[in-house]
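Engineer: If you scroll down you'll find the structure; I have some questions about it.
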Amino acid sequence: MVSKPNVSSWRYITVGNSYKNAFNYDRKKESHLMKNSEWGAVAYLTQSQYGRNGHEITINNSSSFITGNAGNSVSASQAAGTTNAYNTQKGVLASTTGNIYGVYDLSGGAFEMVTSYISNGNTNLSTYGGTMIAKTTADMEGYQTLSTKYVTVYPYNNTGDGHANNYTNYKNLGYGYGDAILETSSNSGNSTSWHGDYLYFPCLGNPFVVRGSYCADTSNAGIFYFSSFSGGIDDRVFSFRVVLAGV
């Protein structure tokens, strides 16, 4: 694995294999696939005076999935190739700090997988999750006991495993604040997150979490975007980000 600007991102990989690759990258530095709470931490810093001070970052609108690319606005339509490179005057507006030293590709580009799921017992958990999965059995209490150092397990509604019911159940339980979900949105299935970003809570055959959205999602994409997917290799394309925690 590498992390470089101006290249096409690594896609067409399951969430389990992205977790495995990230975990094995550098154990001395505690490498791992980005956690949802870590995404939340970066999102809040971006929103704060130490980042963009409330200004939304520009979307990566590259349908070629070029890293570090920036469109001409926060909701630019997708376009092939590079619109504005990461080190140009407009390109740095896709950074969390507004300069080349920030974090790129948090809005648009490719969907980003993070280490979070609901333990609703769906077969996609074991099919695509690999060693990331602590438990696949449907269990309302599993999320409270089975989250690990690198993986967060969220609750689901066992009486109605739908995105709206799961979101409401999650919010009523008051569990998981700090991940830039509950504090930044009002309901699932609408553009109710900060900056008008879209929110869709995991359910049924889409038990895994993705953040940021992708190049064609215009105003719905952003650092407070939250959605779900099967965990498999999807034609909408998903990528991933490695965190080094032991530096």
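Residue numbers start at 1 in each chain; chains themselves are named A, B, ... in the order of the structure tokens; ligands are numbered from 1 in the order shown.
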If we count only C-alpha atoms and set the cut-off at 12 Å, which residues sit around stretch 244-247 of chain A, ignoring sequence neighbours fewer than 4 positions away in its own chain? Please answer as a VMD selection string.
Structural biologist: chain A and resid 22 to 35 38 149 to 150
Engineer: Dump C-alpha atoms for the selected residues as a PDB file, in the first residue's frame?
Structural biologist:
```pdb
ATOM      1  CA  ALA A  22      -4.309  -2.061   6.712  1.00  0.00           C
ATOM      2  CA  PHE A  23      -3.717  -4.098   9.866  1.00  0.00           C
ATOM      3  CA  ASN A  24      -0.670  -5.870   8.433  1.00  0.00           C
ATOM      4  CA  TYR A  25       0.896  -2.765   6.931  1.00  0.00           C
ATOM      5  CA  ASP A  26       3.036  -1.777   9.947  1.00  0.00           C
ATOM      6  CA  ARG A  27       2.259  -3.380  13.295  1.00  0.00           C
ATOM      7  CA  LYS A  28       5.006  -1.380  15.055  1.00  0.00           C
ATOM      8  CA  LYS A  29       2.977   1.729  14.272  1.00  0.00           C
ATOM      9  CA  GLU A  30      -0.352   0.036  15.032  1.00  0.00           C
ATOM     10  CA  SER A  31      -1.579   0.420  11.465  1.00  0.00           C
ATOM     11  CA  HIS A  32      -5.277  -0.233  10.951  1.00  0.00           C
ATOM     12  CA  LEU A  33      -8.237   0.591   8.763  1.00  0.00           C
ATOM     13  CA  MET A  34      -9.692   3.912   9.850  1.00  0.00           C
ATOM     14  CA  LYS A  35     -12.267   3.661  12.634  1.00  0.00           C
ATOM     15  CA  GLU A  38     -11.236   8.489  13.931  1.00  0.00           C
ATOM     16  CA  LYS A 149      -9.744  -1.733  19.788  1.00  0.00           C
ATOM     17  CA  TYR A 150     -10.024  -1.463  16.018  1.00  0.00           C
TER      18      TYR A 150
END
```
Engineer: If we count only C-alpha atoms and set the cut-off at 6 Å, which residues sit around A:Ser213, ignoring sequence neighbours fewer than 6 positions away in its own chain? Please answer as a PyMOL selection string.
Structural biologist: chain A and resi 108+111+221
Engineer: A:Ser219, A:Ser228, A:Asn206, A:Asn187: which is nearest A:Thr127, counting only C-alpha atoms?
Structural biologist: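 Among the listed residues, A:Asn206 lies closest to A:Thr127.
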Engineer: Can you list, as a PDB file with N, CA, C and O atoms, in the first residue's frame, every protein, DNA or RNA residue that comes within 6 Å of A:Asn60 when you count only C-alpha atoms, leaving out same-chain residues fewer than 5 positions away?
Structural biologist:
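Everything below was put into out-v5.pdb:
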```pdb
ATOM      1  N   ASN A  69      -7.579  15.258  -5.905  1.00  0.00           N
ATOM      2  CA  ASN A  69      -8.263  16.139  -6.846  1.00  0.00           C
ATOM      3  C   ASN A  69      -9.327  16.975  -6.145  1.00  0.00           C
ATOM      4  O   ASN A  69      -9.910  16.553  -5.142  1.00  0.00           O
ATOM      5  N   ALA A  70      -9.598  18.152  -6.682  1.00  0.00           N
ATOM      6  CA  ALA A  70     -10.672  19.010  -6.179  1.00  0.00           C
ATOM      7  C   ALA A  70     -11.488  19.532  -7.345  1.00  0.00           C
ATOM      8  O   ALA A  70     -10.941  19.914  -8.387  1.00  0.00           O
ATOM      9  N   GLY A  71     -12.800  19.561  -7.171  1.00  0.00           N
ATOM     10  CA  GLY A  71     -13.661  20.191  -8.159  1.00  0.00           C
ATOM     11  C   GLY A  71     -13.588  21.699  -8.013  1.00  0.00           C
ATOM     12  O   GLY A  71     -12.797  22.230  -7.243  1.00  0.00           O
ATOM     13  N   GLY A 108     -16.297  13.010  -1.399  1.00  0.00           N
ATOM     14  CA  GLY A 108     -16.242  12.530  -2.773  1.00  0.00           C
ATOM     15  C   GLY A 108     -15.093  11.582  -3.032  1.00  0.00           C
ATOM     16  O   GLY A 108     -14.615  10.902  -2.122  1.00  0.00           O
ATOM     17  N   GLY A 109     -14.626  11.548  -4.267  1.00  0.00           N
ATOM     18  CA  GLY A 109     -13.637  10.537  -4.645  1.00  0.00           C
ATOM     19  C   GLY A 109     -14.301   9.184  -4.683  1.00  0.00           C
ATOM     20  O   GLY A 109     -15.260   8.966  -5.420  1.00  0.00           O
ATOM     21  N   CYS A 215     -17.621  10.537  -6.013  1.00  0.00           N
ATOM     22  CA  CYS A 215     -17.419  11.678  -6.916  1.00  0.00           C
ATOM     23  C   CYS A 215     -18.685  12.244  -7.535  1.00  0.00           C
ATOM     24  O   CYS A 215     -18.730  13.427  -7.888  1.00  0.00           O
TER      25      CYS A 215
END
```
Engineer: What lies within 12 Å of A:Ser126 using only C-alpha atoms, ignoring chain neighbours under 2 positions off, as a PDB file with all heavy atoms, in the first residue's frame?
Structural biologist:
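Produced file result.pdb, reproduced below:
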```pdb
ATOM      1  N   THR A  14     -12.838  -5.968  -0.887  1.00  0.00           N
ATOM      2  CA  THR A  14     -13.846  -6.142   0.163  1.00  0.00           C
ATOM      3  C   THR A  14     -13.417  -5.417   1.429  1.00  0.00           C
ATOM      4  O   THR A  14     -12.233  -5.117   1.630  1.00  0.00           O
ATOM      5  CB  THR A  14     -14.061  -7.621   0.496  1.00  0.00           C
ATOM      6  OG1 THR A  14     -12.856  -8.153   1.071  1.00  0.00           O
ATOM      7  CG2 THR A  14     -14.444  -8.423  -0.747  1.00  0.00           C
ATOM      8  N   VAL A  15     -14.351  -5.176   2.312  1.00  0.00           N
ATOM      9  CA  VAL A  15     -14.032  -4.506   3.565  1.00  0.00           C
ATOM     10  C   VAL A  15     -13.111  -5.384   4.425  1.00  0.00           C
ATOM     11  O   VAL A  15     -12.210  -4.880   5.101  1.00  0.00           O
ATOM     12  CB  VAL A  15     -15.317  -4.128   4.342  1.00  0.00           C
ATOM     13  CG1 VAL A  15     -16.085  -5.361   4.801  1.00  0.00           C
ATOM     14  CG2 VAL A  15     -14.984  -3.224   5.524  1.00  0.00           C
ATOM     15  N   GLY A  16     -13.307  -6.706   4.356  1.00  0.00           N
ATOM     16  CA  GLY A  16     -12.450  -7.605   5.120  1.00  0.00           C
ATOM     17  C   GLY A  16     -11.010  -7.584   4.646  1.00  0.00           C
ATOM     18  O   GLY A  16     -10.071  -7.584   5.457  1.00  0.00           O
ATOM     19  N   TYR A 117     -19.804  -1.846  11.893  1.00  0.00           N
ATOM     20  CA  TYR A 117     -20.896  -2.630  11.324  1.00  0.00           C
ATOM     21  C   TYR A 117     -21.969  -2.849  12.389  1.00  0.00           C
ATOM     22  O   TYR A 117     -21.766  -2.555  13.571  1.00  0.00           O
ATOM     23  CB  TYR A 117     -20.387  -3.967  10.793  1.00  0.00           C
ATOM     24  CG  TYR A 117     -19.909  -4.951  11.848  1.00  0.00           C
ATOM     25  CD1 TYR A 117     -20.773  -5.898  12.399  1.00  0.00           C
ATOM     26  CD2 TYR A 117     -18.590  -4.944  12.293  1.00  0.00           C
ATOM     27  CE1 TYR A 117     -20.332  -6.804  13.360  1.00  0.00           C
ATOM     28  CE2 TYR A 117     -18.142  -5.843  13.253  1.00  0.00           C
ATOM     29  CZ  TYR A 117     -19.026  -6.771  13.777  1.00  0.00           C
ATOM     30  OH  TYR A 117     -18.587  -7.657  14.734  1.00  0.00           O
ATOM     31  N   SER A 119     -24.385  -5.839  14.137  1.00  0.00           N
ATOM     32  CA  SER A 119     -24.343  -7.305  14.304  1.00  0.00           C
ATOM     33  C   SER A 119     -25.736  -7.891  14.119  1.00  0.00           C
ATOM     34  O   SER A 119     -26.315  -8.484  15.040  1.00  0.00           O
ATOM     35  CB  SER A 119     -23.792  -7.663  15.689  1.00  0.00           C
ATOM     36  OG  SER A 119     -24.600  -7.078  16.699  1.00  0.00           O
ATOM     37  N   ASN A 120     -26.300  -7.734  12.916  1.00  0.00           N
ATOM     38  CA  ASN A 120     -27.669  -8.178  12.668  1.00  0.00           C
ATOM     39  C   ASN A 120     -27.751  -9.608  12.141  1.00  0.00           C
ATOM     40  O   ASN A 120     -28.829 -10.089  11.792  1.00  0.00           O
ATOM     41  CB  ASN A 120     -28.371  -7.234  11.688  1.00  0.00           C
ATOM     42  CG  ASN A 120     -27.744  -7.252  10.302  1.00  0.00           C
ATOM     43  OD1 ASN A 120     -26.669  -7.810  10.098  1.00  0.00           O
ATOM     44  ND2 ASN A 120     -28.410  -6.620   9.349  1.00  0.00           N
ATOM     45  N   GLY A 121     -26.616 -10.300  12.062  1.00  0.00           N
ATOM     46  CA  GLY A 121     -26.627 -11.695  11.647  1.00  0.00           C
ATOM     47  C   GLY A 121     -26.706 -11.918  10.152  1.00  0.00           C
ATOM     48  O   GLY A 121     -26.777 -13.060   9.690  1.00  0.00           O
ATOM     49  N   ASN A 122     -26.684 -10.858   9.347  1.00  0.00           N
ATOM     50  CA  ASN A 122     -26.747 -11.014   7.904  1.00  0.00           C
ATOM     51  C   ASN A 122     -25.523 -11.771   7.389  1.00  0.00           C
ATOM     52  O   ASN A 122     -24.414 -11.596   7.900  1.00  0.00           O
ATOM     53  CB  ASN A 122     -26.835  -9.646   7.228  1.00  0.00           C
ATOM     54  CG  ASN A 122     -27.107  -9.745   5.748  1.00  0.00           C
ATOM     55  OD1 ASN A 122     -26.182  -9.845   4.947  1.00  0.00           O
ATOM     56  ND2 ASN A 122     -28.372  -9.714   5.376  1.00  0.00           N
ATOM     57  N   THR A 123     -25.709 -12.607   6.371  1.00  0.00           N
ATOM     58  CA  THR A 123     -24.616 -13.434   5.858  1.00  0.00           C
ATOM     59  C   THR A 123     -23.468 -12.617   5.274  1.00  0.00           C
ATOM     60  O   THR A 123     -22.340 -13.108   5.187  1.00  0.00           O
ATOM     61  CB  THR A 123     -25.134 -14.402   4.783  1.00  0.00           C
ATOM     62  OG1 THR A 123     -25.773 -13.652   3.732  1.00  0.00           O
ATOM     63  CG2 THR A 123     -26.140 -15.382   5.379  1.00  0.00           C
ATOM     64  N   ASN A 124     -23.733 -11.368   4.878  1.00  0.00           N
ATOM     65  CA  ASN A 124     -22.661 -10.544   4.322  1.00  0.00           C
ATOM     66  C   ASN A 124     -21.582 -10.226   5.355  1.00  0.00           C
ATOM     67  O   ASN A 124     -20.441  -9.925   4.996  1.00  0.00           O
ATOM     68  CB  ASN A 124     -23.231  -9.242   3.754  1.00  0.00           C
ATOM     69  CG  ASN A 124     -23.921  -9.456   2.417  1.00  0.00           C
ATOM     70  OD1 ASN A 124     -23.675 -10.451   1.737  1.00  0.00           O
ATOM     71  ND2 ASN A 124     -24.790  -8.532   2.050  1.00  0.00           N
ATOM     72  N   TYR A 128     -18.042 -11.140   3.709  1.00  0.00           N
ATOM     73  CA  TYR A 128     -17.133 -10.067   3.316  1.00  0.00           C
ATOM     74  C   TYR A 128     -16.289  -9.496   4.451  1.00  0.00           C
ATOM     75  O   TYR A 128     -15.311  -8.795   4.201  1.00  0.00           O
ATOM     76  CB  TYR A 128     -17.921  -8.910   2.690  1.00  0.00           C
ATOM     77  CG  TYR A 128     -18.714  -9.303   1.478  1.00  0.00           C
ATOM     78  CD1 TYR A 128     -20.096  -9.096   1.425  1.00  0.00           C
ATOM     79  CD2 TYR A 128     -18.104  -9.887   0.373  1.00  0.00           C
ATOM     80  CE1 TYR A 128     -20.835  -9.451   0.309  1.00  0.00           C
ATOM     81  CE2 TYR A 128     -18.837 -10.251  -0.746  1.00  0.00           C
ATOM     82  CZ  TYR A 128     -20.205 -10.030  -0.771  1.00  0.00           C
ATOM     83  OH  TYR A 128     -20.925 -10.392  -1.869  1.00  0.00           O
ATOM     84  N   GLY A 129     -16.651  -9.772   5.694  1.00  0.00           N
ATOM     85  CA  GLY A 129     -15.987  -9.126   6.818  1.00  0.00           C
ATOM     86  C   GLY A 129     -14.654  -9.699   7.210  1.00  0.00           C
ATOM     87  O   GLY A 129     -13.798  -8.986   7.730  1.00  0.00           O
ATOM     88  N   GLY A 130     -14.439 -10.989   6.980  1.00  0.00           N
ATOM     89  CA  GLY A 130     -13.161 -11.613   7.317  1.00  0.00           C
ATOM     90  C   GLY A 130     -12.811 -11.451   8.787  1.00  0.00           C
ATOM     91  O   GLY A 130     -13.666 -11.530   9.671  1.00  0.00           O
ATOM     92  N   THR A 131     -11.542 -11.176   9.080  1.00  0.00           N
ATOM     93  CA  THR A 131     -11.059 -11.083  10.456  1.00  0.00           C
ATOM     94  C   THR A 131     -11.524  -9.809  11.163  1.00  0.00           C
ATOM     95  O   THR A 131     -11.328  -9.666  12.373  1.00  0.00           O
ATOM     96  CB  THR A 131      -9.518 -11.114  10.493  1.00  0.00           C
ATOM     97  OG1 THR A 131      -9.003 -10.055   9.672  1.00  0.00           O
ATOM     98  CG2 THR A 131      -8.994 -12.439   9.979  1.00  0.00           C
ATOM     99  N   MET A 132     -12.162  -8.922  10.430  1.00  0.00           N
ATOM    100  CA  MET A 132     -12.689  -7.703  11.048  1.00  0.00           C
ATOM    101  C   MET A 132     -13.855  -8.016  11.974  1.00  0.00           C
ATOM    102  O   MET A 132     -14.093  -7.307  12.954  1.00  0.00           O
ATOM    103  CB  MET A 132     -13.134  -6.727   9.958  1.00  0.00           C
ATOM    104  CG  MET A 132     -13.893  -5.512  10.460  1.00  0.00           C
ATOM    105  SD  MET A 132     -14.400  -4.442   9.072  1.00  0.00           S
ATOM    106  CE  MET A 132     -15.695  -3.484   9.834  1.00  0.00           C
ATOM    107  N   ILE A 133     -14.581  -9.083  11.694  1.00  0.00           N
ATOM    108  CA  ILE A 133     -15.825  -9.369  12.393  1.00  0.00           C
ATOM    109  C   ILE A 133     -15.581 -10.087  13.715  1.00  0.00           C
ATOM    110  O   ILE A 133     -14.980 -11.157  13.769  1.00  0.00           O
ATOM    111  CB  ILE A 133     -16.766 -10.212  11.512  1.00  0.00           C
ATOM    112  CG1 ILE A 133     -17.029  -9.483  10.195  1.00  0.00           C
ATOM    113  CG2 ILE A 133     -18.071 -10.491  12.238  1.00  0.00           C
ATOM    114  CD1 ILE A 133     -17.654  -8.114  10.349  1.00  0.00           C
ATOM    115  N   ALA A 134     -16.068  -9.480  14.800  1.00  0.00           N
ATOM    116  CA  ALA A 134     -15.971 -10.103  16.118  1.00  0.00           C
ATOM    117  C   ALA A 134     -17.114 -11.077  16.335  1.00  0.00           C
ATOM    118  O   ALA A 134     -16.968 -12.077  17.030  1.00  0.00           O
ATOM    119  CB  ALA A 134     -15.992  -9.026  17.196  1.00  0.00           C
ATOM    120  N   LYS A 135     -18.253 -10.794  15.735  1.00  0.00           N
ATOM    121  CA  LYS A 135     -19.430 -11.635  15.910  1.00  0.00           C
ATOM    122  C   LYS A 135     -20.421 -11.384  14.789  1.00  0.00           C
ATOM    123  O   LYS A 135     -20.608 -10.240  14.369  1.00  0.00           O
ATOM    124  CB  LYS A 135     -20.086 -11.344  17.264  1.00  0.00           C
ATOM    125  CG  LYS A 135     -21.261 -12.243  17.597  1.00  0.00           C
ATOM    126  CD  LYS A 135     -21.815 -11.906  18.967  1.00  0.00           C
ATOM    127  CE  LYS A 135     -22.963 -12.836  19.320  1.00  0.00           C
ATOM    128  NZ  LYS A 135     -23.538 -12.507  20.645  1.00  0.00           N
ATOM    129  N   THR A 136     -21.068 -12.434  14.308  1.00  0.00           N
ATOM    130  CA  THR A 136     -22.074 -12.277  13.262  1.00  0.00           C
ATOM    131  C   THR A 136     -23.471 -12.605  13.754  1.00  0.00           C
ATOM    132  O   THR A 136     -24.447 -12.327  13.085  1.00  0.00           O
ATOM    133  CB  THR A 136     -21.772 -13.208  12.066  1.00  0.00           C
ATOM    134  OG1 THR A 136     -21.775 -14.564  12.521  1.00  0.00           O
ATOM    135  CG2 THR A 136     -20.435 -12.865  11.448  1.00  0.00           C
ATOM    136  N   THR A 137     -23.590 -13.207  14.937  1.00  0.00           N
ATOM    137  CA  THR A 137     -24.886 -13.589  15.467  1.00  0.00           C
ATOM    138  C   THR A 137     -25.725 -12.365  15.796  1.00  0.00           C
ATOM    139  O   THR A 137     -25.236 -11.418  16.407  1.00  0.00           O
ATOM    140  CB  THR A 137     -24.725 -14.438  16.738  1.00  0.00           C
ATOM    141  OG1 THR A 137     -23.898 -15.547  16.450  1.00  0.00           O
ATOM    142  CG2 THR A 137     -26.079 -14.915  17.245  1.00  0.00           C
ATOM    143  N   GLY A 205     -28.976  -6.335   4.410  1.00  0.00           N
ATOM    144  CA  GLY A 205     -27.798  -6.851   3.720  1.00  0.00           C
ATOM    145  C   GLY A 205     -26.693  -5.844   3.528  1.00  0.00           C
ATOM    146  O   GLY A 205     -25.682  -6.143   2.881  1.00  0.00           O
ATOM    147  N   PRO A 207     -24.720  -4.140   6.152  1.00  0.00           N
ATOM    148  CA  PRO A 207     -24.431  -3.932   7.573  1.00  0.00           C
ATOM    149  C   PRO A 207     -23.171  -3.113   7.856  1.00  0.00           C
ATOM    150  O   PRO A 207     -22.901  -2.791   9.014  1.00  0.00           O
ATOM    151  CB  PRO A 207     -24.264  -5.358   8.091  1.00  0.00           C
ATOM    152  CG  PRO A 207     -23.681  -6.101   6.925  1.00  0.00           C
ATOM    153  CD  PRO A 207     -24.309  -5.491   5.698  1.00  0.00           C
ATOM    154  N   PHE A 208     -22.395  -2.789   6.819  1.00  0.00           N
ATOM    155  CA  PHE A 208     -21.120  -2.087   7.021  1.00  0.00           C
ATOM    156  C   PHE A 208     -21.261  -0.580   6.754  1.00  0.00           C
ATOM    157  O   PHE A 208     -22.165  -0.149   6.037  1.00  0.00           O
ATOM    158  CB  PHE A 208     -20.039  -2.672   6.110  1.00  0.00           C
ATOM    159  CG  PHE A 208     -19.696  -4.095   6.420  1.00  0.00           C
ATOM    160  CD1 PHE A 208     -20.256  -5.125   5.679  1.00  0.00           C
ATOM    161  CD2 PHE A 208     -18.819  -4.410   7.439  1.00  0.00           C
ATOM    162  CE1 PHE A 208     -19.949  -6.451   5.953  1.00  0.00           C
ATOM    163  CE2 PHE A 208     -18.511  -5.732   7.727  1.00  0.00           C
ATOM    164  CZ  PHE A 208     -19.075  -6.752   6.985  1.00  0.00           C
ATOM    165  N   SER A 230     -22.739  -3.476   1.448  1.00  0.00           N
ATOM    166  CA  SER A 230     -22.712  -4.916   1.711  1.00  0.00           C
ATOM    167  C   SER A 230     -21.387  -5.398   2.267  1.00  0.00           C
ATOM    168  O   SER A 230     -21.321  -6.433   2.929  1.00  0.00           O
ATOM    169  CB  SER A 230     -23.025  -5.680   0.424  1.00  0.00           C
ATOM    170  OG  SER A 230     -21.962  -5.528  -0.518  1.00  0.00           O
ATOM    171  N   GLY A 231     -20.302  -4.673   1.967  1.00  0.00           N
ATOM    172  CA  GLY A 231     -18.966  -5.116   2.353  1.00  0.00           C
ATOM    173  C   GLY A 231     -18.219  -5.764   1.202  1.00  0.00           C
ATOM    174  O   GLY A 231     -17.023  -6.015   1.296  1.00  0.00           O
ATOM    175  N   GLY A 232     -18.931  -6.027   0.092  1.00  0.00           N
ATOM    176  CA  GLY A 232     -18.321  -6.701  -1.053  1.00  0.00           C
ATOM    177  C   GLY A 232     -17.728  -5.732  -2.054  1.00  0.00           C
ATOM    178  O   GLY A 232     -17.645  -4.520  -1.825  1.00  0.00           O
TER     179      GLY A 232
END
```
Engineer: Pick out the residues sitting within 12 Å of A:Cys203, and hand them over as a ChimeraX atom specification; count only C-alpha atoms, and ignore anything fewer than 6 positions along from it in its own chain.
Structural biologist: /A:117-122,124-125,154-158,160-167,169-170,188-189,209,227-230
Engineer: Give me the residues near A:Gly91 as a ChimeraX atom specification, where near means some atom within 10 Å (using only C-alpha atoms) and where sequence neighbours in that chain fewer than 4 positions away do not count.
Structural biologist: /A:58-60,68-72,82-87,95,98-100,104
Engineer: Can you work out the spacing between atom CA of A:Phe201 and atom CA of A:Ser73 in Å, to one decimal?
Structural biologist: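 Answer for the atom CA of A:Phe201 to atom CA of A:Ser73 separation: 26.9 Å.
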Engineer: Write down as a PyMOL selection string the residues of stretch 54-227 of chain A whose backbone DSSP state falls under strand (DSSP E or B).
Structural biologist: chain A and resi 60+62+66+70+79+84+108+111-118+152-154+190-193+197-199+203+206+208-211+226-227
Engineer: Run DSSP on the backbone of this structure and report the residues of stretch 48-180 of chain A it assigns to helix (DSSP H, G or I), as a VMD selection string.
Structural biologist: chain A and resid 91 to 94 123 to 132 142 to 145 163 to 173
Engineer: Would you please work out which residue, of A:Ser239, A:Gln49, A:Thr159, A:Gln78, is nearest to A:Leu106 when using only C-alpha atoms?
Structural biologist: A:Ser239
Engineer: Measuring between only C-alpha atoms, which one of A:Thr218, A:Gly196, A:Ile13, A:Tyr225 shows the shortest distance to A:Ala79?
Structural biologist: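 When distances to A:Ala79 are compared using only C-alpha atoms, the smallest one comes from A:Thr218.
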Engineer: What is the distance between atom CA of A:Leu199 and atom CA of A:Gln47, in Å to one decimal?
Structural biologist: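 Those two atoms sit 17.8 Å apart.
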Engineer: Kindly indicate which residue among A:Ser48, A:Asn17, A:Thr97, A:Ser8 lies nearest to A:Ala80, using only C-alpha atoms for the distances.
Structural biologist: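 Among the listed residues, A:Ser8 lies closest to A:Ala80.
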Engineer: If you count only C-alpha atoms, which residues fall within 10 Å of A:Ser9, apart from same-chain ones fewer than 5 positions away, as a VMD selection string?
Structural biologist: chain A and resid 2 to 4 64 to 68 109 to 110 237 to 240
Engineer: Selection from above, C-alpha atoms, as a short mmCIF file (atom, residue, chain, number, x, y, z; two decimals), in the first residue's frame, can you write it?
Structural biologist:
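Output (out.cif):
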```
data_model
loop_
_atom_site.label_atom_id
_atom_site.label_comp_id
_atom_site.auth_asym_id
_atom_site.auth_seq_id
_atom_site.Cartn_x
_atom_site.Cartn_y
_atom_site.Cartn_z
CA VAL A 2 0.99 3.58 -0.66
CA SER A 3 -0.58 6.98 -0.04
CA LYS A 4 0.04 9.34 -2.94
CA SER A 64 -11.27 8.57 -12.56
CA PHE A 65 -10.86 8.50 -8.76
CA ILE A 66 -7.68 10.56 -8.80
CA THR A 67 -6.47 11.19 -5.25
CA GLY A 68 -6.08 14.78 -4.06
CA GLY A 109 -13.64 10.54 -4.64
CA ALA A 110 -14.45 6.95 -3.69
CA VAL A 237 -16.38 1.59 -5.98
CA PHE A 238 -15.12 1.76 -2.42
CA SER A 239 -11.66 2.53 -1.15
CA PHE A 240 -10.03 2.77 2.29
#
```
Engineer: I need the residue nearest A:Asn220 from this list: A:Arg241, A:Arg11, A:His195, A:Arg236. Use only C-alpha atoms for the distance.
Structural biologist: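 Smallest separation from A:Asn220 among the options: A:His195.
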Engineer: Using only C-alpha atoms for the distances, tell me which of A:Lys20, A:Leu93, A:Tyr12, A:Tyr177 is nearest to A:Thr46.
Structural biologist: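 For A:Thr46, the nearest of the given residues is A:Leu93.
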